[in-house]
Structure formats: C-alpha cells, structure tokens
file start_0.cif (mmCIF, C-alpha atoms (C1' of nucleotides))
data_my_file
#
loop_
_atom_site.group_PDB
_atom_site.id
_atom_site.type_symbol
_atom_site.label_atom_id
_atom_site.label_comp_id
_atom_site.auth_asym_id
_atom_site.auth_seq_id
_atom_site.Cartn_x
_atom_site.Cartn_y
_atom_site.Cartn_z
ATOM 1 C CA MET S 20 77.724 84.219 101.448
ATOM 2 C CA PRO S 21 75.561 85.360 98.545
ATOM 3 C CA GLU S 22 77.573 87.156 95.858
ATOM 4 C CA LEU S 23 76.630 88.007 92.278
ATOM 5 C CA PRO S 24 76.148 84.392 91.025
ATOM 6 C CA GLU S 25 74.133 83.409 94.100
ATOM 7 C CA VAL S 26 71.893 86.491 93.864
ATOM 8 C CA GLU S 27 71.441 85.883 90.122
ATOM 9 C CA THR S 28 70.351 82.311 90.951
ATOM 10 C CA VAL S 29 67.836 83.604 93.505
ATOM 11 C CA VAL S 30 66.371 86.096 91.008
ATOM 12 C CA ARG S 31 66.014 83.425 88.323
ATOM 13 C CA ASP S 32 64.292 81.124 90.819
ATOM 14 C CA LEU S 33 61.886 83.906 91.807
ATOM 15 C CA LEU S 34 60.971 84.506 88.165
ATOM 16 C CA THR S 35 60.528 80.780 87.547
ATOM 17 C CA ALA S 36 58.247 80.595 90.591
ATOM 18 C CA GLY S 37 56.092 83.337 89.092
ATOM 19 C CA ILE S 38 56.894 86.244 91.389
ATOM 20 C CA SER S 39 55.881 88.667 88.628
ATOM 21 C CA GLY S 40 52.254 89.693 88.904
ATOM 22 C CA THR S 41 51.913 88.947 92.608
ATOM 23 C CA THR S 42 50.277 91.638 94.764
ATOM 24 C CA VAL S 43 51.360 92.298 98.333
ATOM 25 C CA LYS S 44 48.663 91.729 100.947
ATOM 26 C CA THR S 45 50.541 91.902 104.257
ATOM 27 C CA CYS S 46 54.059 92.350 105.658
ATOM 28 C CA GLU S 47 55.351 91.002 108.957
ATOM 29 C CA PHE S 48 58.708 91.817 110.508
ATOM 30 C CA PRO S 49 59.701 89.265 113.162
ATOM 31 C CA TRP S 50 62.997 91.228 113.248
ATOM 32 C CA PRO S 51 62.131 94.946 112.878
ATOM 33 C CA ASN S 52 65.674 96.012 111.937
ATOM 34 C CA THR S 53 65.265 94.170 108.629
ATOM 35 C CA ALA S 54 63.263 97.184 107.433
ATOM 36 C CA ASP S 55 66.051 99.477 106.251
ATOM 37 C CA GLY S 56 65.399 103.193 106.604
ATOM 38 C CA LEU S 57 61.737 102.815 107.609
ATOM 39 C CA THR S 58 59.822 101.471 110.569
ATOM 40 C CA PRO S 59 58.064 98.165 109.887
ATOM 41 C CA ALA S 60 54.731 100.000 109.998
ATOM 42 C CA GLU S 61 55.853 102.561 107.395
ATOM 43 C CA PHE S 62 57.343 99.802 105.241
ATOM 44 C CA THR S 63 54.131 97.786 105.390
ATOM 45 C CA SER S 64 51.960 100.790 104.661
ATOM 46 C CA ARG S 65 53.958 101.698 101.568
ATOM 47 C CA LEU S 66 54.260 98.158 100.168
ATOM 48 C CA CYS S 67 50.789 96.700 100.733
ATOM 49 C CA GLY S 68 48.653 96.756 97.595
ATOM 50 C CA LYS S 69 51.677 97.022 95.298
ATOM 51 C CA THR S 70 52.196 94.510 92.494
ATOM 52 C CA ILE S 71 55.613 93.056 91.657
ATOM 53 C CA SER S 72 56.119 93.471 87.935
ATOM 54 C CA ASN S 73 59.610 91.996 87.570
ATOM 55 C CA ALA S 74 62.647 90.709 89.445
ATOM 56 C CA THR S 75 66.180 91.732 88.517
ATOM 57 C CA ARG S 76 69.601 92.070 90.109
ATOM 58 C CA ARG S 77 72.046 94.935 90.639
ATOM 59 C CA GLY S 78 75.326 93.898 92.252
ATOM 60 C CA LYS S 79 74.347 91.782 95.232
ATOM 61 C CA TYR S 80 70.905 93.389 95.523
ATOM 62 C CA ILE S 81 67.693 91.625 94.543
ATOM 63 C CA VAL S 82 65.505 94.233 92.858
ATOM 64 C CA LEU S 83 61.750 93.667 92.804
ATOM 65 C CA GLN S 84 60.153 96.259 90.535
ATOM 66 C CA LEU S 85 56.691 97.487 91.476
ATOM 67 C CA ALA S 86 54.027 98.033 88.828
ATOM 68 C CA GLN S 87 52.826 101.209 90.548
ATOM 69 C CA GLY S 88 56.369 102.645 90.503
ATOM 70 C CA GLY S 89 59.258 102.181 92.882
ATOM 71 C CA ILE S 90 61.335 99.158 93.844
ATOM 72 C CA LEU S 91 61.767 96.746 96.716
ATOM 73 C CA LEU S 92 65.426 95.978 97.362
ATOM 74 C CA ILE S 93 66.577 92.939 99.306
ATOM 75 C CA HIS S 94 70.201 92.362 100.319
ATOM 76 C CA LEU S 95 70.987 88.926 101.723
ATOM 77 C CA ARG S 96 74.331 90.009 103.254
ATOM 78 C CA MET S 97 75.998 87.012 104.904
ATOM 79 C CA THR S 98 73.406 84.376 105.670
ATOM 80 C CA GLY S 99 70.144 85.628 104.171
ATOM 81 C CA LYS S 100 67.924 83.239 102.229
ATOM 82 C CA LEU S 101 64.588 83.687 100.437
ATOM 83 C CA ARG S 102 61.885 81.057 100.171
ATOM 84 C CA LEU S 103 58.328 81.025 98.835
ATOM 85 C CA ALA S 104 55.895 79.466 101.261
ATOM 86 C CA THR S 105 52.463 78.203 100.288
ATOM 87 C CA SER S 106 51.115 77.771 103.805
ATOM 88 C CA PRO S 107 50.840 80.189 106.752
ATOM 89 C CA ALA S 108 52.118 77.325 108.880
ATOM 90 C CA ASP S 109 55.451 77.409 107.028
ATOM 91 C CA THR S 110 57.609 79.200 109.585
ATOM 92 C CA LEU S 111 61.199 78.599 110.550
ATOM 93 C CA PRO S 112 63.568 79.922 113.200
ATOM 94 C CA HIS S 113 65.358 83.057 111.967
ATOM 95 C CA ASP S 114 62.525 84.244 109.689
ATOM 96 C CA ARG S 115 62.995 88.049 109.631
ATOM 97 C CA LEU S 116 60.481 89.265 107.035
ATOM 98 C CA ARG S 117 57.342 87.688 105.630
ATOM 99 C CA ILE S 118 55.591 89.276 102.636
ATOM 100 C CA THR S 119 52.262 87.585 101.925
ATOM 101 C CA PHE S 120 50.638 87.963 98.517
ATOM 102 C CA THR S 121 46.978 87.941 97.547
ATOM 103 C CA ASP S 122 47.504 84.512 95.901
ATOM 104 C CA GLY S 123 48.188 83.065 99.347
ATOM 105 C CA ARG S 124 51.921 82.561 98.953
ATOM 106 C CA SER S 125 54.522 84.280 101.137
ATOM 107 C CA LEU S 126 58.016 85.464 100.294
ATOM 108 C CA ILE S 127 60.065 84.879 103.446
ATOM 109 C CA LEU S 128 63.466 86.328 104.222
ATOM 110 C CA ASN S 129 65.269 84.032 106.644
ATOM 111 C CA ASP S 130 68.590 85.206 108.038
ATOM 112 C CA THR S 131 70.473 83.602 110.896
ATOM 113 C CA ARG S 132 72.745 86.546 111.608
ATOM 114 C CA LYS S 133 70.180 89.320 111.205
ATOM 115 C CA PHE S 134 72.350 91.246 108.705
ATOM 116 C CA ALA S 135 69.967 91.033 105.722
ATOM 117 C CA ARG S 136 67.970 94.148 104.865
ATOM 118 C CA ALA S 137 64.904 95.095 102.798
ATOM 119 C CA ARG S 138 64.516 98.638 101.519
ATOM 120 C CA LEU S 139 61.988 100.571 99.456
ATOM 121 C CA GLY S 140 63.220 103.014 96.823
ATOM 122 C CA THR S 141 62.043 104.995 93.864
ATOM 123 C CA SER S 142 64.492 103.662 91.252
ATOM 124 C CA ILE S 143 67.690 101.629 90.839
ATOM 125 C CA ASP S 144 69.634 104.764 89.915
ATOM 126 C CA GLU S 145 68.452 106.635 92.986
ATOM 127 C CA SER S 146 68.947 103.782 95.441
ATOM 128 C CA LEU S 147 71.998 102.018 93.986
ATOM 129 C CA GLY S 148 73.731 104.752 92.032
ATOM 130 C CA HIS S 149 76.789 104.434 94.223
ATOM 131 C CA LEU S 150 77.521 100.934 92.930
ATOM 132 C CA GLY S 151 80.284 100.323 90.419
ATOM 133 C CA PRO S 152 79.743 98.687 87.018
ATOM 134 C CA GLU S 153 78.180 95.278 86.508
ATOM 135 C CA PRO S 154 81.140 92.994 85.732
ATOM 136 C CA LEU S 155 79.211 90.902 83.195
ATOM 137 C CA GLU S 156 77.924 93.880 81.201
ATOM 138 C CA PRO S 157 79.711 94.653 77.899
ATOM 139 C CA SER S 158 80.519 98.134 79.219
ATOM 140 C CA PHE S 159 82.806 96.600 81.859
ATOM 141 C CA THR S 160 86.095 96.346 79.976
ATOM 142 C CA ALA S 161 89.723 95.876 80.974
ATOM 143 C CA ALA S 162 90.210 99.573 80.256
ATOM 144 C CA THR S 163 87.430 100.646 82.637
ATOM 145 C CA LEU S 164 88.757 98.278 85.281
ATOM 146 C CA GLY S 165 92.246 99.702 84.943
ATOM 147 C CA LYS S 166 90.952 103.257 85.083
ATOM 148 C CA SER S 167 89.033 102.624 88.297
ATOM 149 C CA LEU S 168 92.068 101.059 89.958
ATOM 150 C CA VAL S 169 94.899 103.289 88.800
ATOM 151 C CA HIS S 170 94.907 105.886 91.580
ATOM 152 C CA ARG S 171 94.079 103.487 94.401
ATOM 153 C CA LYS S 172 96.610 102.609 97.039
ATOM 154 C CA ARG S 173 94.971 99.610 98.602
ATOM 155 C CA ALA S 174 95.653 95.905 98.066
ATOM 156 C CA ILE S 175 93.978 94.605 94.900
ATOM 157 C CA LYS S 176 91.918 92.116 96.930
ATOM 158 C CA THR S 177 90.275 94.873 98.992
ATOM 159 C CA LEU S 178 89.557 96.851 95.825
ATOM 160 C CA LEU S 179 87.787 93.898 94.217
ATOM 161 C CA LEU S 180 85.555 93.726 97.306
ATOM 162 C CA ASP S 181 84.740 97.441 97.084
ATOM 163 C CA GLN S 182 81.214 97.596 95.614
ATOM 164 C CA THR S 183 81.740 101.150 94.349
ATOM 165 C CA ILE S 184 84.516 99.857 92.065
ATOM 166 C CA ILE S 185 82.858 96.632 90.834
ATOM 167 C CA ALA S 186 79.395 95.532 91.920
ATOM 168 C CA GLY S 187 78.781 91.969 92.980
ATOM 169 C CA ILE S 188 82.157 90.466 93.868
ATOM 170 C CA GLY S 189 82.615 89.001 97.354
ATOM 171 C CA ASN S 190 85.284 87.025 99.107
ATOM 172 C CA ILE S 191 84.917 83.761 97.164
ATOM 173 C CA TYR S 192 85.023 85.207 93.653
ATOM 174 C CA ALA S 193 87.729 87.740 94.541
ATOM 175 C CA ASP S 194 90.087 84.975 95.664
ATOM 176 C CA GLU S 195 89.234 82.764 92.695
ATOM 177 C CA SER S 196 89.648 85.597 90.166
ATOM 178 C CA LEU S 197 93.033 86.592 91.558
ATOM 179 C CA PHE S 198 94.206 82.974 91.450
ATOM 180 C CA ASP S 199 93.033 82.584 87.862
ATOM 181 C CA ALA S 200 94.871 85.782 86.911
ATOM 182 C CA GLY S 201 98.033 84.786 88.818
ATOM 183 C CA ILE S 202 97.969 87.954 90.916
ATOM 184 C CA HIS S 203 98.923 88.072 94.606
ATOM 185 C CA PRO S 204 96.021 89.449 96.709
ATOM 186 C CA GLU S 205 98.236 92.128 98.294
ATOM 187 C CA ARG S 206 99.553 93.586 95.040
ATOM 188 C CA LEU S 207 98.995 97.313 94.683
ATOM 189 C CA PRO S 208 97.269 98.482 91.448
ATOM 190 C CA ALA S 209 100.256 100.614 90.466
ATOM 191 C CA THR S 210 102.382 97.454 90.155
ATOM 192 C CA LEU S 211 100.001 95.758 87.724
ATOM 193 C CA SER S 212 100.872 95.764 84.034
ATOM 194 C CA ASN S 213 98.235 96.274 81.360
ATOM 195 C CA ALA S 214 98.521 92.592 80.548
ATOM 196 C CA GLU S 215 97.797 91.690 84.152
ATOM 197 C CA ILE S 216 94.756 93.996 84.253
ATOM 198 C CA LYS S 217 93.464 92.265 81.134
ATOM 199 C CA LYS S 218 94.013 88.857 82.708
ATOM 200 C CA LEU S 219 92.240 89.958 85.874
ATOM 201 C CA HIS S 220 89.306 91.375 83.918
ATOM 202 C CA ALA S 221 88.896 88.101 82.026
ATOM 203 C CA ALA S 222 89.338 86.066 85.214
ATOM 204 C CA ILE S 223 86.608 87.998 87.043
ATOM 205 C CA ARG S 224 84.107 87.403 84.268
ATOM 206 C CA ARG S 225 85.111 83.750 83.962
ATOM 207 C CA ALA S 226 84.734 83.109 87.697
ATOM 208 C CA LEU S 227 81.310 84.795 87.861
ATOM 209 C CA LYS S 228 80.007 83.021 84.762
ATOM 210 C CA LYS S 229 81.119 79.658 86.154
ATOM 211 C CA GLY S 230 79.385 80.503 89.415
ATOM 212 C CA ILE S 231 76.123 81.352 87.675
ATOM 213 C CA ALA S 232 76.269 78.211 85.536
ATOM 214 C CA ALA S 233 76.637 76.176 88.744
ATOM 215 C CA ASN S 234 73.741 78.014 90.454
ATOM 216 C CA GLY S 235 76.152 79.567 92.951
ATOM 217 C CA THR S 236 78.453 78.252 95.644
ATOM 218 C CA THR S 237 77.226 76.303 98.679
ATOM 219 C CA LEU S 238 80.018 75.369 101.086
ATOM 220 C CA GLY S 239 79.351 72.592 103.618
ATOM 221 C CA ASN S 240 75.975 71.662 105.017
ATOM 222 C CA ALA S 241 75.389 74.290 107.701
ATOM 223 C CA SER S 242 72.054 76.105 107.656
ATOM 224 C CA THR S 243 73.909 79.405 107.339
ATOM 225 C CA ASN S 244 75.214 78.438 103.882
ATOM 226 C CA PHE S 245 73.711 79.513 100.574
ATOM 227 C CA TYR S 246 70.518 77.849 99.409
ATOM 228 C CA SER S 247 68.361 79.262 96.632
ATOM 229 C CA VAL S 248 64.606 79.859 96.738
ATOM 230 C CA ALA S 249 63.616 76.225 96.282
ATOM 231 C CA GLY S 250 66.183 75.082 98.851
ATOM 232 C CA ARG S 251 68.571 74.274 96.019
ATOM 233 C CA ARG S 252 72.336 74.016 96.676
ATOM 234 C CA GLY S 253 74.841 75.652 94.364
ATOM 235 C CA SER S 254 77.483 73.327 92.924
ATOM 236 C CA ASN S 255 80.245 75.834 92.257
ATOM 237 C CA ASP S 256 82.218 74.514 95.252
ATOM 238 C CA THR S 257 83.624 71.869 92.891
ATOM 239 C CA ASN S 258 85.099 74.651 90.717
ATOM 240 C CA LEU S 259 86.941 76.394 93.563
ATOM 241 C CA MET S 260 90.720 76.364 93.202
ATOM 242 C CA VAL S 261 91.884 78.192 96.333
ATOM 243 C CA PHE S 262 88.979 79.464 98.424
ATOM 244 C CA ARG S 263 89.000 77.666 101.811
ATOM 245 C CA ARG S 264 91.510 75.171 100.409
ATOM 246 C CA ASN S 265 94.370 76.355 102.602
ATOM 247 C CA GLY S 266 96.721 73.507 103.460
ATOM 248 C CA LEU S 267 95.724 71.592 100.318
ATOM 249 C CA PRO S 268 97.853 71.348 97.151
ATOM 250 C CA CYS S 269 97.323 73.926 94.417
ATOM 251 C CA PRO S 270 95.445 72.280 91.489
ATOM 252 C CA LYS S 271 97.963 73.811 89.058
ATOM 253 C CA CYS S 272 101.370 73.293 90.733
ATOM 254 C CA ASP S 273 100.883 71.273 93.955
ATOM 255 C CA THR S 274 102.287 74.073 96.133
ATOM 256 C CA THR S 275 100.404 74.282 99.442
ATOM 257 C CA ILE S 276 97.677 76.935 99.352
ATOM 258 C CA GLU S 277 98.083 79.568 102.063
ATOM 259 C CA ARG S 278 95.551 81.554 104.061
ATOM 260 C CA SER S 279 96.164 85.122 105.210
ATOM 261 C CA VAL S 280 94.101 88.161 106.183
ATOM 262 C CA VAL S 281 93.889 91.026 103.663
ATOM 263 C CA GLY S 282 91.734 94.009 104.505
ATOM 264 C CA GLY S 283 90.263 92.081 107.398
ATOM 265 C CA ARG S 284 89.076 89.267 105.145
ATOM 266 C CA GLY S 285 90.239 85.675 105.060
ATOM 267 C CA THR S 286 92.236 85.328 101.850
ATOM 268 C CA HIS S 287 93.500 82.247 100.042
ATOM 269 C CA HIS S 288 96.228 82.081 97.431
ATOM 270 C CA CYS S 289 98.939 79.888 95.936
ATOM 271 C CA PRO S 290 102.372 81.375 96.727
ATOM 272 C CA HIS S 291 103.833 79.860 93.550
ATOM 273 C CA CYS S 292 101.106 80.747 91.028
ATOM 274 C CA GLN S 293 100.503 84.147 92.653
ATOM 275 C CA PRO S 294 103.971 85.425 93.566
ATOM 276 C CA ARG S 295 104.280 88.464 95.819
ATOM 277 C CA HIS S 296 105.871 91.246 93.769
ATOM 278 C CA VAL S 297 107.726 94.240 95.138
ATOM 279 C CA ASN S 298 105.189 97.069 95.208
ATOM 280 C CA THR S 299 106.945 99.541 92.968
ATOM 281 C CA PRO S 300 105.424 101.006 89.826
ATOM 282 C CA GLY S 301 106.120 98.973 86.774
ATOM 283 C "C1'" DT F 213 89.242 112.311 98.938
ATOM 284 C "C1'" DT F 214 90.624 107.981 100.412
ATOM 285 C "C1'" DT F 215 91.545 104.523 103.771
ATOM 286 C "C1'" DT F 216 90.885 102.127 108.081
ATOM 287 C "C1'" DG F 217 88.456 100.108 111.776
ATOM 288 C "C1'" DA F 218 84.387 99.383 114.815
ATOM 289 C "C1'" DG F 219 79.894 97.618 115.137
ATOM 290 C "C1'" DC F 220 76.142 94.830 113.797
ATOM 291 C "C1'" DC F 221 75.002 89.478 114.739
ATOM 292 C "C1'" DT F 222 74.875 84.232 115.855
ATOM 293 C "C1'" DG F 223 76.160 79.328 114.439
ATOM 294 C "C1'" DG F 224 79.845 76.496 114.461
ATOM 295 C "C1'" DA F 225 84.586 75.289 115.392
ATOM 296 C "C1'" DA F 226 88.218 75.046 118.580
ATOM 297 C "C1'" DG F 227 90.073 74.782 123.047
ATOM 298 C "C1'" DC F 228 89.822 73.461 127.750
ATOM 299 C "C1'" DT Y 48 80.334 65.756 127.360
ATOM 300 C "C1'" DG Y 49 79.647 70.441 128.334
ATOM 301 C "C1'" DC Y 50 81.107 75.012 128.723
ATOM 302 C "C1'" DT Y 51 83.496 79.177 127.015
ATOM 303 C "C1'" DT Y 52 85.788 81.815 123.576
ATOM 304 C "C1'" DC Y 53 86.751 83.125 119.056
ATOM 305 C "C1'" DC Y 54 86.010 83.425 114.076
ATOM 306 C "C1'" DA Y 55 83.411 84.166 109.899
ATOM 307 C "C1'" DG Y 56 82.258 88.441 106.813
ATOM 308 C "C1'" DG Y 57 78.970 92.465 103.757
ATOM 309 C "C1'" DC Y 58 77.852 96.814 104.653
ATOM 310 C "C1'" DT Y 59 77.491 101.478 107.011
ATOM 311 C "C1'" DC Y 60 79.378 105.055 109.439
ATOM 312 C "C1'" DA Y 61 82.802 107.689 111.889
ATOM 313 C "C1'" DA Y 62 87.472 108.938 112.377
ATOM 314 C "C1'" DA Y 63 92.059 109.563 110.697
#
call {"tool": "encode", "arguments": {"input": "start_0.cif", "output": "structure tokens"}}
result
Amino acid sequence: MPELPEVETVVRDLLTAGISGTTVKTCEFPWPNTADGLTPAEFTSRLCGKTISNATRRGKYIVLQLAQGGILLIHLRMTGKLRLATSPADTLPHDRLRITFTDGRSLILNDTRKFARARLGTSIDESLGHLGPEPLEPSFTAATLGKSLVHRKRAIKTLLLDQTIIAGIGNIYADESLFDAGIHPERLPATLSNAEIKKLHAAIRRALKKGIAANGTTLGNASTNFYSVAGRRGSNDTNLMVFRRNGLPCPKCDTTIERSVVGGRGTHHCPHCQPRHVNTPG
DNA sequence: TTTTGAGCCTGGAAGC
DNA sequence: TGCTTCCAGGCTCAAA
C-alpha cells in the first residue's frame, strides 16, 4: 500500500524519467470512476494541451504541476501503480487511466482494486489544505505533534493514520513507528508523557526516512503490491520489525509479536516492548 | 466538533 | 482440484 516513502519513490522516478516538460495529448479512462470530481470527458478537455512542469508530493498524493496553472493530483490508494509506456501496445489488465504525451510516451495508472483516483485542482493549498503537516518538514516538531494529539480521545494508532493530523503515514509506518517508540497502539494521547511524544516524533521520522532510503516497502510478490514507475521493488521489507510479523519473535526481546485490530486496521505490536498502559492521564 | 462505521473494490488466502 | 467465503485497507461520507 503506497504511503509517504512509496509515493516519494514514485515521484523521484517520474522526475528521473523526464516527466517535466511533457505535454498532454490524449486521456483515456478504461475505468471512468478514476476521474475524481469530473466526468472523463471534462477531465480530458481540461488536461489536454497542458504541460507538466514539475512533479512533487504532498502526503500520499502525487502532485503534477501544470505550466499553464493548476495541478494534476494522483492518489494510488491501496493497489495503484504508475508506469511510463513507450508503445501504444503496452496495455495491461487493470489499467484505469492512460495519459499520452506529445512525445509518444504514456503515463498509465494501473490499479487492481479500482480505488486510485486522479483529480484536477487549482493549487495544493486549495485541493489538499485539509492535510496535516509533512512529517519530514522541519516545521513538524514534537511540540506540534503533541499539540495536535492532546485533545483527541482515540487510540494513538488511529490518530497516526488520520491524514488531517499527519500527512503520509499508513498502516506499515504507523506500526513500525509505534514499535520503535515503545508505545502500545491502543494508548490514548492523554496517557503519553512528553518524553514519549518526543520518542514517537523521532520514530516517525526515522521510519519514513528508512522507507525512502529503501525505495519503499514491497511485501511478497503479488501484482497488487507496491512497484515503482520502472517496475522497481522497494526493499524496506527487510527493515520491518513488527508489521505482518505476527507469530514471529520480536527482534529486540524475542517475545512473540501479536496481531490485533485497532480502528478497523490490522495492527502488529510486541506486548513486551510496547506494554499496554492503563489509560489514565499521566 | 469528534468519532465511528459503511461502502467502494478484487486478488489471494483459507476453508471445505 | 475446484469452489466459496472472507480478508486486506485508504479515503469519503453519513450518522451518532
């Protein structure tokens, strides 16, 4: 599932492949619902003739900036993948959007589960203003993290997944960050000390940076797993301490890693390294 | 205002 | 071996 490090990897691959400067010639929507907020015809009409001037990332969104103004946003959701095709004959099952450029190449959004979306907007602020801070920006500090959590009454794991609180964290990096910080996924924010908030803040940044350095996380060999633009696998799976390691020994203490469901999400933790505290203010 | 849960989807795993 | 059922999970929206 593409989270911040995976999306960052995709954006870097797009830039390396020379996405900047390409001009859109045609759009095709094999799955019309991929066009978010517009009909495929409206989407095509507005995008054709526009030139991509840059590719960036905001949270889990790929942001393609248009030279004539405006942005094209792509969210990969669960199983979305982008690839650059050089031939019109390059088609695969589950292709949902094909943007062909005047240089003959096509940017193809392939998504097995049909969750991925593409959207046109005027600016990042207008389209993605609801997102929380970027966790790798200097402005994201332990103090800002603590402030955004203090009044919340949900389990810390569900708060880390809330994109309005922090942008870019998904299930993998939430579990890994909480393990690194020694915090039980069901702890309530009011029970966390300042020292624990600081540890969590550092753990989040560490987990994301490791993920980016490894070009993201690819689990298993299924086609639904993460692959970057050039079909590249991420190698961060070798860094994972708890995620999908339930039943295996904890790398730190050998206690068996447990799996539970928190906020409807599969959650993995070590019961020894991440003890469950009584949820009273402290 | 905040939290919770349903719905969107289909490949793959598990069970029979 | 083949069929059926269930699970996975990011995001939006409605309801509590």
call {"tool": "closest_atom_pairs", "arguments": {"input": "start_0.cif", "of": "chain Y", "to": "chain S", "cutoff": "10 Å", "atoms": "all atoms listed in the file", "output": "CSV"}}
result
residue,atom,partner,partner_atom,distance
Y:DA55,C1',S:Gly285,CA,8.5
Y:DG56,C1',S:Met97,CA,6.7
Y:DG57,C1',S:Arg96,CA,5.3
Y:DC58,C1',S:Arg96,CA,7.8
call {"tool": "residues_around", "arguments": {"input": "start_0.cif", "residues": "Ile175 (chain S)", "least_positions_apart": "2", "cutoff": "7 Å", "atoms": "all atoms listed in the file", "output": "ChimeraX atom specification"}}
result
/S:173,177-179,204-208
call {"tool": "resolve_selection", "arguments": {"input": "start_0.cif", "expression": "the PyMOL selection byres ((chain F and resi 214-221) around 9)", "output": "list of chain:residue names"}}
result
S:Thr131, S:Arg132, S:Lys133, S:Phe134, S:Arg171, S:Lys172, S:Arg173, S:Gly282, F:DT213, F:DT222, Y:DA61, Y:DA62, Y:DA63
call {"tool": "write_last_selection", "arguments": {"input": "start_0.cif", "atoms": "C-alpha atoms (C1' of nucleotides)", "output": "PDB file, in the frame of the given file"}}
result
ATOM      1  CA  THR S 131      70.473  83.602 110.896  1.00  0.00           C
ATOM      2  CA  ARG S 132      72.745  86.546 111.608  1.00  0.00           C
ATOM      3  CA  LYS S 133      70.180  89.320 111.205  1.00  0.00           C
ATOM      4  CA  PHE S 134      72.350  91.246 108.705  1.00  0.00           C
ATOM      5  CA  ARG S 171      94.079 103.487  94.401  1.00  0.00           C
ATOM      6  CA  LYS S 172      96.610 102.609  97.039  1.00  0.00           C
ATOM      7  CA  ARG S 173      94.971  99.610  98.602  1.00  0.00           C
ATOM      8  CA  GLY S 282      91.734  94.009 104.505  1.00  0.00           C
TER       9      GLY S 282
ATOM     10  C1'  DT F 213      89.242 112.311  98.938  1.00  0.00           C
ATOM     11  C1'  DT F 222      74.875  84.232 115.855  1.00  0.00           C
TER      12       DT F 222
ATOM     13  C1'  DA Y  61      82.802 107.689 111.889  1.00  0.00           C
ATOM     14  C1'  DA Y  62      87.472 108.938 112.377  1.00  0.00           C
ATOM     15  C1'  DA Y  63      92.059 109.563 110.697  1.00  0.00           C
TER      16       DA Y  63
END
call {"tool": "resolve_selection", "arguments": {"input": "start_0.cif", "expression": "the PyMOL selection byres ((chain S and resi 40) around 7)", "output": "list in words"}}
result
Ile38, Ser39, Thr41, Thr42, Thr70, Ile71 and Ser72 of chain S
call {"tool": "atom_distance", "arguments": {"input": "start_0.cif", "atom1": "CA of Gly253 (chain S)", "atom2": "CA of Ala232 (chain S)"}}
result
9.3 Å
call {"tool": "atom_distance", "arguments": {"input": "start_0.cif", "atom1": "CA of Val82 (chain S)", "atom2": "CA of Val29 (chain S)"}}
result
10.9 Å
call {"tool": "atom_distance", "arguments": {"input": "start_0.cif", "atom1": "CA of Asp273 (chain S)", "atom2": "CA of Val261 (chain S)"}}
result
11.6 Å
call {"tool": "resolve_selection", "arguments": {"input": "start_0.cif", "expression": "the PyMOL selection byres ((chain S and resi 141-146) around 9)", "output": "MDAnalysis selection string"}}
result
chainID S and resid 77 82 84 88:92 139:140 147:149
call {"tool": "decode", "arguments": {"input": "start_0.cif", "residues": "chain Y", "atoms": "C-alpha atoms (C1' of nucleotides)", "output": "PDB file, in the first residue's frame"}}
result
ATOM      1  C1'  DT Y  48      -8.532 -29.801  -7.631  1.00  0.00           C
ATOM      2  C1'  DG Y  49     -12.188 -26.638  -7.634  1.00  0.00           C
ATOM      3  C1'  DC Y  50     -15.490 -23.880  -5.475  1.00  0.00           C
ATOM      4  C1'  DT Y  51     -16.992 -20.489  -1.980  1.00  0.00           C
ATOM      5  C1'  DT Y  52     -16.188 -17.204   1.570  1.00  0.00           C
ATOM      6  C1'  DC Y  53     -13.604 -13.878   3.881  1.00  0.00           C
ATOM      7  C1'  DC Y  54      -9.894 -10.517   4.500  1.00  0.00           C
ATOM      8  C1'  DA Y  55      -6.935  -6.723   3.236  1.00  0.00           C
ATOM      9  C1'  DG Y  56      -7.163  -1.354   3.744  1.00  0.00           C
ATOM     10  C1'  DG Y  57      -7.088   4.465   2.171  1.00  0.00           C
ATOM     11  C1'  DC Y  58     -10.437   7.553   1.715  1.00  0.00           C
ATOM     12  C1'  DT Y  59     -15.172   9.792   1.665  1.00  0.00           C
ATOM     13  C1'  DC Y  60     -19.454  10.483   3.522  1.00  0.00           C
ATOM     14  C1'  DA Y  61     -23.278   9.979   6.650  1.00  0.00           C
ATOM     15  C1'  DA Y  62     -24.813   9.195  11.193  1.00  0.00           C
ATOM     16  C1'  DA Y  63     -24.275   9.234  16.088  1.00  0.00           C
TER      17       DA Y  63
END
